[in-house]
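Pasting target-v7.csv here (CSV, C-alpha atoms and all ligand atoms):
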chain,number,residue,atom,x,y,z
A,1,MET,CA,91.7,73.8,35.4
A,2,THR,CA,88.5,72.6,36.9
A,3,ALA,CA,86.8,69.7,35.0
A,4,VAL,CA,83.1,69.9,34.4
A,5,ALA,CA,81.6,66.5,35.0
A,6,ALA,CA,79.1,65.0,32.6
A,7,ARG,CA,75.8,64.8,34.5
A,8,PRO,CA,72.6,62.9,33.9
A,9,ARG,CA,69.6,65.2,33.5
A,10,ASN,CA,67.1,65.7,36.3
A,11,SER,CA,69.6,64.9,38.9
A,12,ASP,CA,70.1,67.3,41.8
A,13,SER,CA,72.6,65.2,43.8
A,14,VAL,CA,75.2,64.7,41.1
A,15,ASN,CA,78.4,66.6,41.3
A,16,LEU,CA,78.7,69.1,38.4
A,17,VAL,CA,82.4,69.8,38.9
A,18,GLU,CA,85.2,67.4,40.0
A,19,GLY,CA,86.8,69.4,42.7
A,20,GLU,CA,87.4,69.9,46.4
A,21,PHE,CA,83.7,70.7,47.2
A,22,PRO,CA,80.5,69.0,46.1
A,23,PHE,CA,78.7,71.3,43.7
A,24,THR,CA,75.3,70.1,42.5
A,25,GLN,CA,72.7,71.4,40.0
A,26,ALA,CA,70.6,72.5,43.0
A,27,ASP,CA,73.6,74.5,44.4
A,28,PHE,CA,74.1,76.2,41.0
A,29,ASP,CA,70.4,76.9,40.6
A,30,GLN,CA,70.3,78.5,44.1
A,31,VAL,CA,73.3,80.7,43.3
A,32,ALA,CA,71.8,81.7,40.0
A,33,LYS,CA,68.5,82.6,41.7
A,34,MET,CA,70.2,84.8,44.2
A,35,LEU,CA,72.3,86.6,41.6
A,36,TYR,CA,69.2,87.2,39.5
A,37,SER,CA,67.1,88.5,42.4
A,38,ASP,CA,69.9,90.7,43.8
A,39,ALA,CA,71.4,92.1,40.6
A,40,GLY,CA,69.3,91.1,37.6
A,41,ILE,CA,72.2,89.0,36.3
A,42,HIS,CA,71.3,85.9,34.4
A,43,LEU,CA,73.8,83.2,35.1
A,44,GLN,CA,74.2,80.9,32.1
A,45,GLU,CA,74.6,77.1,32.6
A,46,SER,CA,77.9,77.4,30.7
A,47,LYS,CA,79.3,79.3,33.7
A,48,VAL,CA,79.3,76.3,36.0
A,49,ALA,CA,83.1,75.9,36.2
A,50,LEU,CA,83.6,79.7,36.7
A,51,VAL,CA,81.0,79.9,39.5
A,52,TYR,CA,82.7,76.9,41.2
A,53,SER,CA,86.2,78.3,41.0
A,54,ARG,CA,85.2,81.8,42.1
A,55,LEU,CA,83.1,80.6,45.0
A,56,ALA,CA,85.4,77.8,46.1
A,57,LYS,CA,87.7,80.5,47.3
A,58,ARG,CA,84.9,81.9,49.5
A,59,LEU,CA,84.1,78.4,50.9
A,60,ARG,CA,87.8,77.9,51.8
A,61,LEU,CA,87.9,81.3,53.5
A,62,LEU,CA,84.8,80.6,55.5
A,63,LYS,CA,85.9,77.0,56.3
A,64,LEU,CA,82.7,75.6,54.8
A,65,SER,CA,82.8,72.1,53.5
A,66,ASN,CA,80.1,72.3,50.8
A,67,PHE,CA,78.1,74.6,48.6
A,68,ALA,CA,74.8,73.7,50.3
A,69,ALA,CA,76.2,75.2,53.5
A,70,TYR,CA,77.4,78.2,51.6
A,71,CYS,CA,74.0,78.8,50.0
A,72,ALA,CA,72.3,78.4,53.4
A,73,PHE,CA,74.7,80.9,55.0
A,74,VAL,CA,74.3,83.6,52.3
A,75,SER,CA,70.5,83.2,52.5
A,76,SER,CA,70.6,83.9,56.3
A,77,PRO,CA,70.6,87.4,57.9
A,78,GLU,CA,74.1,86.6,59.3
A,79,GLY,CA,75.4,86.0,55.8
A,80,LYS,CA,74.4,89.5,54.5
A,81,ASP,CA,78.0,90.7,54.0
A,82,GLU,CA,79.0,87.4,52.4
A,83,ARG,CA,76.0,87.8,50.0
A,84,GLY,CA,77.7,91.0,48.8
A,85,ALA,CA,81.0,89.2,48.5
A,86,MET,CA,79.4,86.5,46.5
A,87,LEU,CA,77.9,89.0,44.1
A,88,ALA,CA,81.3,90.8,43.8
A,89,ALA,CA,83.0,87.4,43.1
A,90,LEU,CA,80.6,86.6,40.3
A,91,THR,CA,80.5,89.9,38.5
A,92,THR,CA,83.0,91.1,36.0
A,93,ASN,CA,84.6,94.5,36.6
A,94,VAL,CA,86.8,94.8,33.5
A,95,THR,CA,87.1,98.4,32.4
A,96,ARG,CA,89.6,100.8,30.9
A,97,PHE,CA,90.2,104.5,30.5
A,98,PHE,CA,88.6,105.7,27.2
A,99,ARG,CA,87.3,102.2,26.5
A,100,GLU,CA,85.3,102.3,23.2
A,101,PRO,CA,86.8,105.7,22.5
A,102,HIS,CA,84.2,106.8,19.9
A,103,HIS,CA,81.7,107.3,22.7
A,104,PHE,CA,83.9,110.1,24.2
A,105,ASP,CA,84.0,111.9,20.8
A,106,LEU,CA,80.2,111.5,20.6
A,107,LEU,CA,79.8,112.8,24.1
A,108,ARG,CA,81.8,115.9,23.2
A,109,ASP,CA,80.0,116.5,19.8
A,110,GLN,CA,76.4,115.3,20.5
A,111,VAL,CA,76.0,116.5,24.1
A,112,LEU,CA,78.7,118.7,25.6
A,113,THR,CA,79.5,121.1,22.7
A,114,PRO,CA,75.7,122.0,22.1
A,115,LEU,CA,75.2,122.5,25.9
A,116,ALA,CA,78.5,124.4,26.6
A,117,THR,CA,77.1,128.0,26.2
A,118,ALA,CA,74.0,127.2,28.4
A,119,ALA,CA,76.2,125.4,31.0
A,120,LYS,CA,78.5,128.4,31.2
A,121,ALA,CA,75.4,130.6,31.8
A,122,GLY,CA,74.5,128.4,34.8
A,123,GLN,CA,72.3,125.7,33.3
A,124,ARG,CA,72.3,122.3,35.0
A,125,VAL,CA,74.1,119.5,33.2
A,126,ARG,CA,74.2,115.9,34.4
A,127,LEU,CA,76.0,112.9,33.1
A,128,TRP,CA,75.7,109.3,34.5
A,129,SER,CA,78.1,106.4,34.3
A,130,ALA,CA,75.8,103.6,35.3
A,131,GLY,CA,77.9,100.5,36.2
A,132,CYS,CA,81.1,102.5,36.6
A,133,SER,CA,83.2,99.7,38.0
A,134,THR,CA,86.6,101.0,39.3
A,135,GLY,CA,86.0,104.5,37.8
A,136,GLN,CA,88.0,104.7,34.6
A,137,GLU,CA,84.8,105.4,32.7
A,138,PRO,CA,83.6,108.4,34.7
A,139,TYR,CA,87.1,109.9,34.9
A,140,SER,CA,87.3,109.6,31.1
A,141,MET,CA,83.9,111.4,30.9
A,142,ALA,CA,85.2,114.1,33.3
A,143,MET,CA,88.3,114.7,31.2
A,144,THR,CA,86.2,115.0,28.1
A,145,LEU,CA,83.9,117.4,29.9
A,146,LEU,CA,86.8,119.6,31.0
A,147,SER,CA,88.2,119.7,27.5
A,148,VAL,CA,84.8,121.3,26.4
A,149,ILE,CA,83.9,123.3,29.5
A,150,PRO,CA,87.2,124.0,31.3
A,151,ASN,CA,85.5,125.7,34.3
A,152,ALA,CA,82.9,122.9,34.7
A,153,ALA,CA,83.9,122.4,38.4
A,154,GLN,CA,82.6,125.9,39.1
A,155,LEU,CA,79.3,125.4,37.3
A,156,ASP,CA,76.2,123.2,37.9
A,157,VAL,CA,77.8,120.4,35.9
A,158,ARG,CA,78.2,117.0,37.5
A,159,ILE,CA,78.7,113.3,36.8
A,160,LEU,CA,77.0,110.5,38.8
A,161,ALA,CA,79.2,107.3,38.9
A,162,SER,CA,77.3,104.3,40.3
A,163,ASP,CA,77.8,100.6,40.7
A,164,ILE,CA,76.1,97.8,42.6
A,165,ASP,CA,79.5,96.8,44.2
A,166,PRO,CA,80.5,99.1,47.1
A,167,ASN,CA,84.2,97.9,46.8
A,168,VAL,CA,84.6,99.0,43.2
A,169,VAL,CA,82.8,102.3,44.1
A,170,ALA,CA,85.4,102.9,46.9
A,171,THR,CA,88.2,102.2,44.4
A,172,ALA,CA,86.7,104.6,41.9
A,173,ARG,CA,86.3,107.3,44.6
A,174,ALA,CA,90.0,106.9,45.5
A,175,GLY,CA,90.9,107.5,41.8
A,176,ALA,CA,94.4,105.8,42.1
A,177,TYR,CA,95.6,103.7,39.1
A,178,ASN,CA,98.9,102.0,38.2
A,179,ASP,CA,100.9,103.1,35.2
A,180,GLU,CA,99.5,100.3,33.0
A,181,ALA,CA,95.9,101.2,33.8
A,182,VAL,CA,96.6,104.9,32.9
A,183,SER,CA,98.4,104.1,29.6
A,184,PRO,CA,95.3,104.7,27.4
A,185,VAL,CA,95.0,108.3,28.8
A,186,PRO,CA,96.6,110.7,26.3
A,187,ALA,CA,99.7,112.2,28.0
A,188,SER,CA,98.3,115.8,27.7
A,189,LEU,CA,95.2,114.9,29.6
A,190,ARG,CA,97.0,112.7,32.1
A,191,ASP,CA,99.5,115.5,33.0
A,192,LYS,CA,96.7,118.0,33.3
A,193,TYR,CA,94.2,116.0,35.3
A,194,MET,CA,96.2,113.4,37.2
A,195,LYS,CA,99.1,113.6,39.7
A,196,ARG,CA,101.9,111.2,40.3
A,197,ASP,CA,100.9,109.0,43.3
A,198,ARG,CA,104.1,109.3,45.4
A,199,ALA,CA,102.9,106.8,48.1
A,200,ASN,CA,101.9,103.9,45.8
A,201,GLY,CA,103.4,104.7,42.4
A,202,GLY,CA,101.1,105.2,39.4
A,203,TRP,CA,98.7,108.1,39.1
A,204,VAL,CA,95.8,109.6,41.0
A,205,ALA,CA,93.0,111.8,39.7
A,206,ASN,CA,93.4,115.4,40.8
A,207,ASP,CA,91.0,117.2,43.0
A,208,GLU,CA,89.3,119.1,40.1
A,209,LEU,CA,88.5,115.9,38.3
A,210,LYS,CA,87.3,114.2,41.5
A,211,SER,CA,85.1,117.2,42.4
A,212,LEU,CA,83.1,116.7,39.2
A,213,ILE,CA,82.0,113.2,40.1
A,214,ALA,CA,79.6,111.9,42.8
A,215,PHE,CA,80.3,108.2,43.5
A,216,ARG,CA,77.4,106.1,44.7
A,217,GLN,CA,76.5,102.5,45.3
A,218,LEU,CA,73.3,101.9,43.3
A,219,ASN,CA,71.6,98.8,42.0
A,220,LEU,CA,70.2,99.3,38.5
A,221,ILE,CA,67.3,97.0,39.2
A,222,GLY,CA,66.5,98.7,42.5
A,223,ASP,CA,65.1,102.2,43.3
A,224,TRP,CA,66.9,105.2,41.8
A,225,PRO,CA,66.9,108.2,44.2
A,226,MET,CA,67.9,110.7,41.5
A,227,LYS,CA,65.3,113.2,40.6
A,228,GLY,CA,66.5,115.4,37.7
A,229,ARG,CA,67.1,114.3,34.1
A,230,PHE,CA,70.4,113.3,32.6
A,231,ASP,CA,72.0,114.8,29.5
A,232,ALA,CA,74.0,111.6,28.8
A,233,ILE,CA,74.0,108.1,30.2
A,234,PHE,CA,76.9,105.7,29.8
A,235,CYS,CA,75.6,102.2,30.6
A,236,ARG,CA,78.2,100.0,28.8
A,237,ASN,CA,79.0,96.3,29.3
A,238,VAL,CA,76.5,96.0,32.1
A,239,VAL,CA,73.1,94.9,30.7
A,240,ILE,CA,74.8,92.2,28.7
A,241,TYR,CA,74.5,90.1,31.8
A,242,PHE,CA,70.8,90.8,32.2
A,243,ASP,CA,68.0,88.8,30.5
A,244,ASP,CA,65.7,90.5,27.9
A,245,ALA,CA,62.9,91.4,30.3
A,246,THR,CA,65.3,93.1,32.7
A,247,GLN,CA,67.0,94.9,29.8
A,248,ASP,CA,63.6,96.2,28.6
A,249,ARG,CA,62.8,97.5,32.0
A,250,ILE,CA,66.1,99.3,32.2
A,251,TRP,CA,65.7,100.9,28.7
A,252,ALA,CA,62.3,102.3,29.7
A,253,ARG,CA,63.7,103.7,33.0
A,254,PHE,CA,66.6,105.3,31.2
A,255,ARG,CA,64.1,106.8,28.7
A,256,ALA,CA,62.2,108.4,31.6
A,257,ALA,CA,65.5,109.7,33.1
A,258,MET,CA,66.8,111.4,30.0
A,259,ALA,CA,66.4,115.0,28.9
A,260,PRO,CA,64.8,115.4,25.4
A,261,HIS,CA,68.2,116.0,23.8
A,262,ALA,CA,70.1,113.4,25.8
A,263,ARG,CA,72.1,110.5,24.5
A,264,LEU,CA,72.5,106.9,25.8
A,265,TYR,CA,75.7,105.0,25.1
A,266,VAL,CA,75.9,101.2,25.5
A,267,GLY,CA,78.6,98.6,25.1
A,268,HIS,CA,79.9,97.2,21.8
A,269,SER,CA,77.9,94.0,22.1
A,270,GLU,CA,74.7,95.5,23.4
A,271,ARG,CA,71.7,96.9,21.5
A,272,VAL,CA,68.8,99.0,22.7
A,273,THR,CA,65.6,97.4,21.5
A,274,ASP,CA,63.2,99.9,23.1
A,275,LEU,CA,61.0,101.6,20.4
A,276,GLY,CA,61.3,104.9,22.2
A,277,PHE,CA,65.0,105.3,21.1
A,278,ASP,CA,66.5,106.0,17.7
A,279,SER,CA,70.0,104.9,16.9
A,280,ASP,CA,72.4,107.9,16.6
A,281,GLY,CA,75.8,106.5,15.9
A,282,LEU,CA,77.7,103.3,16.8
A,283,THR,CA,75.9,102.0,20.0
A,284,ALA,CA,74.6,105.5,20.6
A,285,TYR,CA,70.9,106.3,21.0
A,286,ARG,CA,68.7,109.4,21.4
A,287,LEU,CA,65.0,109.6,22.3
A,288,LYS,CA,62.7,109.2,19.4
A,289,LYS,CA,61.2,112.5,18.4
A,290,GLY,CA,57.5,112.7,19.5
A,291,GLY,CA,57.9,109.7,21.9
A,292,ALA,CA,57.8,106.0,21.6
A,293,ALA,CA,56.1,104.5,18.5
A,301,LIG,C1,82.2,95.0,32.9
A,301,LIG,S1,81.9,96.3,34.1
A,301,LIG,C2,81.6,97.7,33.0
A,301,LIG,C3,82.4,98.9,33.4
A,301,LIG,C4,82.3,100.1,32.5
A,301,LIG,N1,80.9,100.5,32.3
A,301,LIG,C5,82.9,99.8,31.1
A,301,LIG,O1,82.2,99.6,30.1
A,301,LIG,O2,84.1,99.8,31.1
A,301,LIG,C6,80.2,95.9,34.6
A,301,LIG,C7,79.9,96.6,36.0
A,301,LIG,O3,78.5,96.5,36.1
A,301,LIG,C8,78.2,96.3,37.5
A,301,LIG,N2,76.8,95.8,37.7
A,301,LIG,C9,76.4,94.5,37.5
A,301,LIG,N3,75.1,94.4,37.8
A,301,LIG,C10,74.7,95.6,38.3
A,301,LIG,C11,73.5,96.2,38.7
A,301,LIG,N4,72.4,95.4,38.9
A,301,LIG,N5,73.4,97.5,39.1
A,301,LIG,C12,74.5,98.2,39.0
A,301,LIG,N6,75.7,97.8,38.6
A,301,LIG,C13,75.8,96.5,38.2
A,301,LIG,C14,79.3,95.4,38.0
A,301,LIG,O4,79.5,95.5,39.4
A,301,LIG,C15,80.5,95.9,37.2
A,301,LIG,O5,81.3,96.8,37.9
So, in terms of structure tokens, how does the structure I just supplied come out?
Ligand SMILES: C[S@@+](CC[C@H](N)C(=O)[O-])C[C@H]1O[C@@H](n2cnc3c(N)ncnc32)[C@H](O)[C@@H]1O
Amino acid sequence: MTAVAARPRNSDSVNLVEGEFPFTQADFDQVAKMLYSDAGIHLQESKVALVYSRLAKRLRLLKLSNFAAYCAFVSSPEGKDERGAMLAALTTNVTRFFREPHHFDLLRDQVLTPLATAAKAGQRVRLWSAGCSTGQEPYSMAMTLLSVIPNAAQLDVRILASDIDPNVVATARAGAYNDEAVSPVPASLRDKYMKRDRANGGWVANDELKSLIAFRQLNLIGDWPMKGRFDAIFCRNVVIYFDDATQDRIWARFRAAMAPHARLYVGHSERVTDLGFDSDGLTAYRLKKGGAA
């Protein structure tokens, strides 16, 4: 366990953590500034020990002797890849199949069932898992989709699954999970939409499930190349790491990206404060009728 050293205020040279590498307030501030400008993530001061322990591994790997050198490296053009590795080391990717299961019932009842007839007649339907991590969320959405619209793969029905971290996007695209990760998936859905992974053990999403999902690297605080509107957006356990101003900008952008009947689902400890939304179930939102107040 890394001890956090007591530090006098206004001191940039004092070591914040008693450990192998010097880690000062100036180092922490610089890391926090980079994380905020790259990903919108607000790094709280209480995370000093966590930042130290996660990045100390990177310093060891790069054979650097202090955080000042690390910060200089990730700020330079040569350190571009390491900058991505730093972001990946500091973000949390915890996720599960059918996490917060009520959202998948709401997706079925509020969005997919009302759209099923039009979708079968060729209408475009788009769902988005924004901050999809290793893919359990979009695959759970796809299984829900197929349970309502069994021939969705032959229709104009698709799911966008995006995350800022290209490594988790690659894992999501591969769709391979161990037995423990797959345990929340009901056996009937698992046997229908996943295959035994003979090479690695565990399970892998079948081709039909994969064909419904487009996996993309996308930064929520950057440009969004998507043109059409979404019928449902899952953005769960992502904005909790953003400050209020960044959250407000995201809500307004989701609002503009949603079809009139669409729903937005957020994580259990997140709340949409934008006046253009009405609550419509537990951490579920729809656009306010007649626009924002
Ligand atoms: C805790 S996971 C949530 C996964 C899934 N939505 C769920 O609720 O199970 C948070 C994800 O948000 C991603 N993330 C953080 N900042 C982001 C940003 N600015 N743009 C896109 N994704 C971001 C992280 O890489 C991480 O995979």
Exercise answer, 6 Å around ligand LIG 301 (chain A) with all atoms listed in the file, as a ChimeraX atom specification: /A:39-40,91-96,131-133,137,163-165,218-221,235-238
Could the residues in this selection be written to a file with C-alpha atoms, as a PDB file, in the frame of the given file?
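Generated output (selection.pdb):
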ATOM      1  CA  ALA A  39      71.400  92.100  40.600  1.00  0.00           C
ATOM      2  CA  GLY A  40      69.300  91.100  37.600  1.00  0.00           C
ATOM      3  CA  THR A  91      80.500  89.900  38.500  1.00  0.00           C
ATOM      4  CA  THR A  92      83.000  91.100  36.000  1.00  0.00           C
ATOM      5  CA  ASN A  93      84.600  94.500  36.600  1.00  0.00           C
ATOM      6  CA  VAL A  94      86.800  94.800  33.500  1.00  0.00           C
ATOM      7  CA  THR A  95      87.100  98.400  32.400  1.00  0.00           C
ATOM      8  CA  ARG A  96      89.600 100.800  30.900  1.00  0.00           C
ATOM      9  CA  GLY A 131      77.900 100.500  36.200  1.00  0.00           C
ATOM     10  CA  CYS A 132      81.100 102.500  36.600  1.00  0.00           C
ATOM     11  CA  SER A 133      83.200  99.700  38.000  1.00  0.00           C
ATOM     12  CA  GLU A 137      84.800 105.400  32.700  1.00  0.00           C
ATOM     13  CA  ASP A 163      77.800 100.600  40.700  1.00  0.00           C
ATOM     14  CA  ILE A 164      76.100  97.800  42.600  1.00  0.00           C
ATOM     15  CA  ASP A 165      79.500  96.800  44.200  1.00  0.00           C
ATOM     16  CA  LEU A 218      73.300 101.900  43.300  1.00  0.00           C
ATOM     17  CA  ASN A 219      71.600  98.800  42.000  1.00  0.00           C
ATOM     18  CA  LEU A 220      70.200  99.300  38.500  1.00  0.00           C
ATOM     19  CA  ILE A 221      67.300  97.000  39.200  1.00  0.00           C
ATOM     20  CA  CYS A 235      75.600 102.200  30.600  1.00  0.00           C
ATOM     21  CA  ARG A 236      78.200 100.000  28.800  1.00  0.00           C
ATOM     22  CA  ASN A 237      79.000  96.300  29.300  1.00  0.00           C
ATOM     23  CA  VAL A 238      76.500  96.000  32.100  1.00  0.00           C
TER      24      VAL A 238
END
Non-local contacts of stretch 197-208 of chain A (10 Å; all atoms listed in the file; under 3 positions in same chain excluded) as number ranges by chain: A: 139, 142-143, 146, 151-154, 172-182, 190-194, 211-213
From A:Arg58, A:Arg255, A:His261, A:His103, residue lying nearest A:Gly276 [all atoms listed in the file]: A:Arg255
Atom-to-atom span, atom CA of A:Thr283 and atom CA of A:Ser269, Å: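 Atom CA of A:Ser269 lies 8.5 Å from atom CA of A:Thr283.
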Within 9 Å of A:Trp251 using only C-alpha atoms, minus same-chain residues under 4 positions, as a ChimeraX atom specification: /A:246-247,255-256,272-274,276-277
Pick from A:Thr134, A:Ser147, A:Ser75, A:Asn15, whichever lies nearest to A:Ser37 using only C-alpha atoms: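 Of the candidates, the smallest distance to A:Ser37 is held by A:Ser75.
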Residue neighbourhood A:Ile41, 9 Å, all atoms listed in the file, exclusion window fewer than 6 positions, as a ChimeraX atom specification: /A:32,35,91,239-243,246
Exercise: A:Val185 partners within 8 Å, all atoms listed in the file, chain neighbours under 4 positions left out, as a list in words: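 The residues satisfying every condition are Phe97, Phe98, Leu189 and Arg190 of chain A.
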Please write all heavy atoms of stretch 191-201 of chain A, from the structure given just now, as a PDB file, in the first residue's frame.
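Result written to selection.pdb:
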ATOM      1  N   ASP A 191     -26.587 -19.237 -25.298  1.00  0.00           N
ATOM      2  CA  ASP A 191     -26.508 -20.368 -26.221  1.00  0.00           C
ATOM      3  C   ASP A 191     -26.946 -19.989 -27.629  1.00  0.00           C
ATOM      4  O   ASP A 191     -26.524 -20.595 -28.609  1.00  0.00           O
ATOM      5  CB  ASP A 191     -27.341 -21.534 -25.686  1.00  0.00           C
ATOM      6  CG  ASP A 191     -26.758 -22.074 -24.380  1.00  0.00           C
ATOM      7  OD1 ASP A 191     -25.588 -21.736 -24.084  1.00  0.00           O
ATOM      8  OD2 ASP A 191     -27.463 -22.802 -23.667  1.00  0.00           O
ATOM      9  N   LYS A 192     -27.783 -18.947 -27.719  1.00  0.00           N
ATOM     10  CA  LYS A 192     -28.275 -18.529 -29.031  1.00  0.00           C
ATOM     11  C   LYS A 192     -27.295 -17.594 -29.746  1.00  0.00           C
ATOM     12  O   LYS A 192     -27.137 -17.654 -30.954  1.00  0.00           O
ATOM     13  CB  LYS A 192     -29.600 -17.784 -28.809  1.00  0.00           C
ATOM     14  CG  LYS A 192     -30.541 -17.850 -29.972  1.00  0.00           C
ATOM     15  CD  LYS A 192     -31.924 -17.425 -29.513  1.00  0.00           C
ATOM     16  CE  LYS A 192     -32.845 -17.229 -30.699  1.00  0.00           C
ATOM     17  NZ  LYS A 192     -34.119 -16.691 -30.295  1.00  0.00           N
ATOM     18  N   TYR A 193     -26.649 -16.699 -28.974  1.00  0.00           N
ATOM     19  CA  TYR A 193     -25.877 -15.625 -29.623  1.00  0.00           C
ATOM     20  C   TYR A 193     -24.372 -15.677 -29.371  1.00  0.00           C
ATOM     21  O   TYR A 193     -23.643 -14.806 -29.813  1.00  0.00           O
ATOM     22  CB  TYR A 193     -26.415 -14.258 -29.171  1.00  0.00           C
ATOM     23  CG  TYR A 193     -27.863 -14.072 -29.521  1.00  0.00           C
ATOM     24  CD1 TYR A 193     -28.821 -13.853 -28.531  1.00  0.00           C
ATOM     25  CD2 TYR A 193     -28.285 -14.134 -30.850  1.00  0.00           C
ATOM     26  CE1 TYR A 193     -30.154 -13.694 -28.849  1.00  0.00           C
ATOM     27  CE2 TYR A 193     -29.610 -13.980 -31.176  1.00  0.00           C
ATOM     28  CZ  TYR A 193     -30.545 -13.762 -30.172  1.00  0.00           C
ATOM     29  OH  TYR A 193     -31.866 -13.616 -30.506  1.00  0.00           O
ATOM     30  N   MET A 194     -23.913 -16.711 -28.632  1.00  0.00           N
ATOM     31  CA  MET A 194     -22.479 -16.829 -28.391  1.00  0.00           C
ATOM     32  C   MET A 194     -22.051 -18.264 -28.698  1.00  0.00           C
ATOM     33  O   MET A 194     -22.864 -19.187 -28.638  1.00  0.00           O
ATOM     34  CB  MET A 194     -22.138 -16.453 -26.940  1.00  0.00           C
ATOM     35  CG  MET A 194     -22.593 -15.038 -26.603  1.00  0.00           C
ATOM     36  SD  MET A 194     -22.133 -14.493 -24.947  1.00  0.00           S
ATOM     37  CE  MET A 194     -20.543 -13.755 -25.263  1.00  0.00           C
ATOM     38  N   LYS A 195     -20.757 -18.396 -29.043  1.00  0.00           N
ATOM     39  CA  LYS A 195     -20.228 -19.743 -29.325  1.00  0.00           C
ATOM     40  C   LYS A 195     -19.146 -20.043 -28.293  1.00  0.00           C
ATOM     41  O   LYS A 195     -18.499 -19.127 -27.797  1.00  0.00           O
ATOM     42  CB  LYS A 195     -19.573 -19.781 -30.708  1.00  0.00           C
ATOM     43  CG  LYS A 195     -20.489 -19.453 -31.859  1.00  0.00           C
ATOM     44  CD  LYS A 195     -19.706 -19.363 -33.163  1.00  0.00           C
ATOM     45  CE  LYS A 195     -18.796 -18.158 -33.207  1.00  0.00           C
ATOM     46  NZ  LYS A 195     -18.133 -17.855 -34.446  1.00  0.00           N
ATOM     47  N   ARG A 196     -18.928 -21.325 -28.043  1.00  0.00           N
ATOM     48  CA  ARG A 196     -17.798 -21.716 -27.206  1.00  0.00           C
ATOM     49  C   ARG A 196     -16.509 -21.314 -27.921  1.00  0.00           C
ATOM     50  O   ARG A 196     -16.385 -21.521 -29.132  1.00  0.00           O
ATOM     51  CB  ARG A 196     -17.815 -23.240 -26.974  1.00  0.00           C
ATOM     52  CG  ARG A 196     -18.528 -23.629 -25.694  1.00  0.00           C
ATOM     53  CD  ARG A 196     -17.695 -23.184 -24.520  1.00  0.00           C
ATOM     54  NE  ARG A 196     -18.312 -23.496 -23.234  1.00  0.00           N
ATOM     55  CZ  ARG A 196     -17.887 -22.947 -22.108  1.00  0.00           C
ATOM     56  NH1 ARG A 196     -16.923 -22.048 -22.079  1.00  0.00           N
ATOM     57  NH2 ARG A 196     -18.436 -23.279 -20.969  1.00  0.00           N
ATOM     58  N   ASP A 197     -15.594 -20.693 -27.180  1.00  0.00           N
ATOM     59  CA  ASP A 197     -14.317 -20.271 -27.758  1.00  0.00           C
ATOM     60  C   ASP A 197     -13.323 -21.411 -27.553  1.00  0.00           C
ATOM     61  O   ASP A 197     -12.742 -21.548 -26.479  1.00  0.00           O
ATOM     62  CB  ASP A 197     -13.866 -18.980 -27.045  1.00  0.00           C
ATOM     63  CG  ASP A 197     -12.620 -18.375 -27.666  1.00  0.00           C
ATOM     64  OD1 ASP A 197     -11.967 -19.071 -28.468  1.00  0.00           O
ATOM     65  OD2 ASP A 197     -12.312 -17.219 -27.332  1.00  0.00           O
ATOM     66  N   ARG A 198     -13.170 -22.247 -28.582  1.00  0.00           N
ATOM     67  CA  ARG A 198     -12.345 -23.461 -28.433  1.00  0.00           C
ATOM     68  C   ARG A 198     -10.878 -23.113 -28.195  1.00  0.00           C
ATOM     69  O   ARG A 198     -10.194 -23.773 -27.437  1.00  0.00           O
ATOM     70  CB  ARG A 198     -12.464 -24.347 -29.672  1.00  0.00           C
ATOM     71  CG  ARG A 198     -13.847 -24.944 -29.798  1.00  0.00           C
ATOM     72  CD  ARG A 198     -13.801 -26.385 -30.334  1.00  0.00           C
ATOM     73  NE  ARG A 198     -15.170 -26.859 -30.463  1.00  0.00           N
ATOM     74  CZ  ARG A 198     -15.902 -26.680 -31.557  1.00  0.00           C
ATOM     75  NH1 ARG A 198     -15.380 -26.101 -32.597  1.00  0.00           N
ATOM     76  NH2 ARG A 198     -17.149 -27.088 -31.597  1.00  0.00           N
ATOM     77  N   ALA A 199     -10.416 -22.047 -28.828  1.00  0.00           N
ATOM     78  CA  ALA A 199      -8.989 -21.699 -28.727  1.00  0.00           C
ATOM     79  C   ALA A 199      -8.628 -21.212 -27.325  1.00  0.00           C
ATOM     80  O   ALA A 199      -7.614 -21.614 -26.759  1.00  0.00           O
ATOM     81  CB  ALA A 199      -8.651 -20.634 -29.764  1.00  0.00           C
ATOM     82  N   ASN A 200      -9.468 -20.358 -26.759  1.00  0.00           N
ATOM     83  CA  ASN A 200      -9.082 -19.694 -25.500  1.00  0.00           C
ATOM     84  C   ASN A 200      -9.941 -20.065 -24.301  1.00  0.00           C
ATOM     85  O   ASN A 200      -9.720 -19.558 -23.209  1.00  0.00           O
ATOM     86  CB  ASN A 200      -9.155 -18.169 -25.687  1.00  0.00           C
ATOM     87  CG  ASN A 200      -8.349 -17.727 -26.886  1.00  0.00           C
ATOM     88  OD1 ASN A 200      -7.163 -18.030 -26.966  1.00  0.00           O
ATOM     89  ND2 ASN A 200      -8.983 -17.047 -27.820  1.00  0.00           N
ATOM     90  N   GLY A 201     -10.953 -20.922 -24.499  1.00  0.00           N
ATOM     91  CA  GLY A 201     -11.914 -21.166 -23.421  1.00  0.00           C
ATOM     92  C   GLY A 201     -12.894 -20.002 -23.392  1.00  0.00           C
ATOM     93  O   GLY A 201     -12.738 -19.033 -24.138  1.00  0.00           O
TER      94      GLY A 201
END
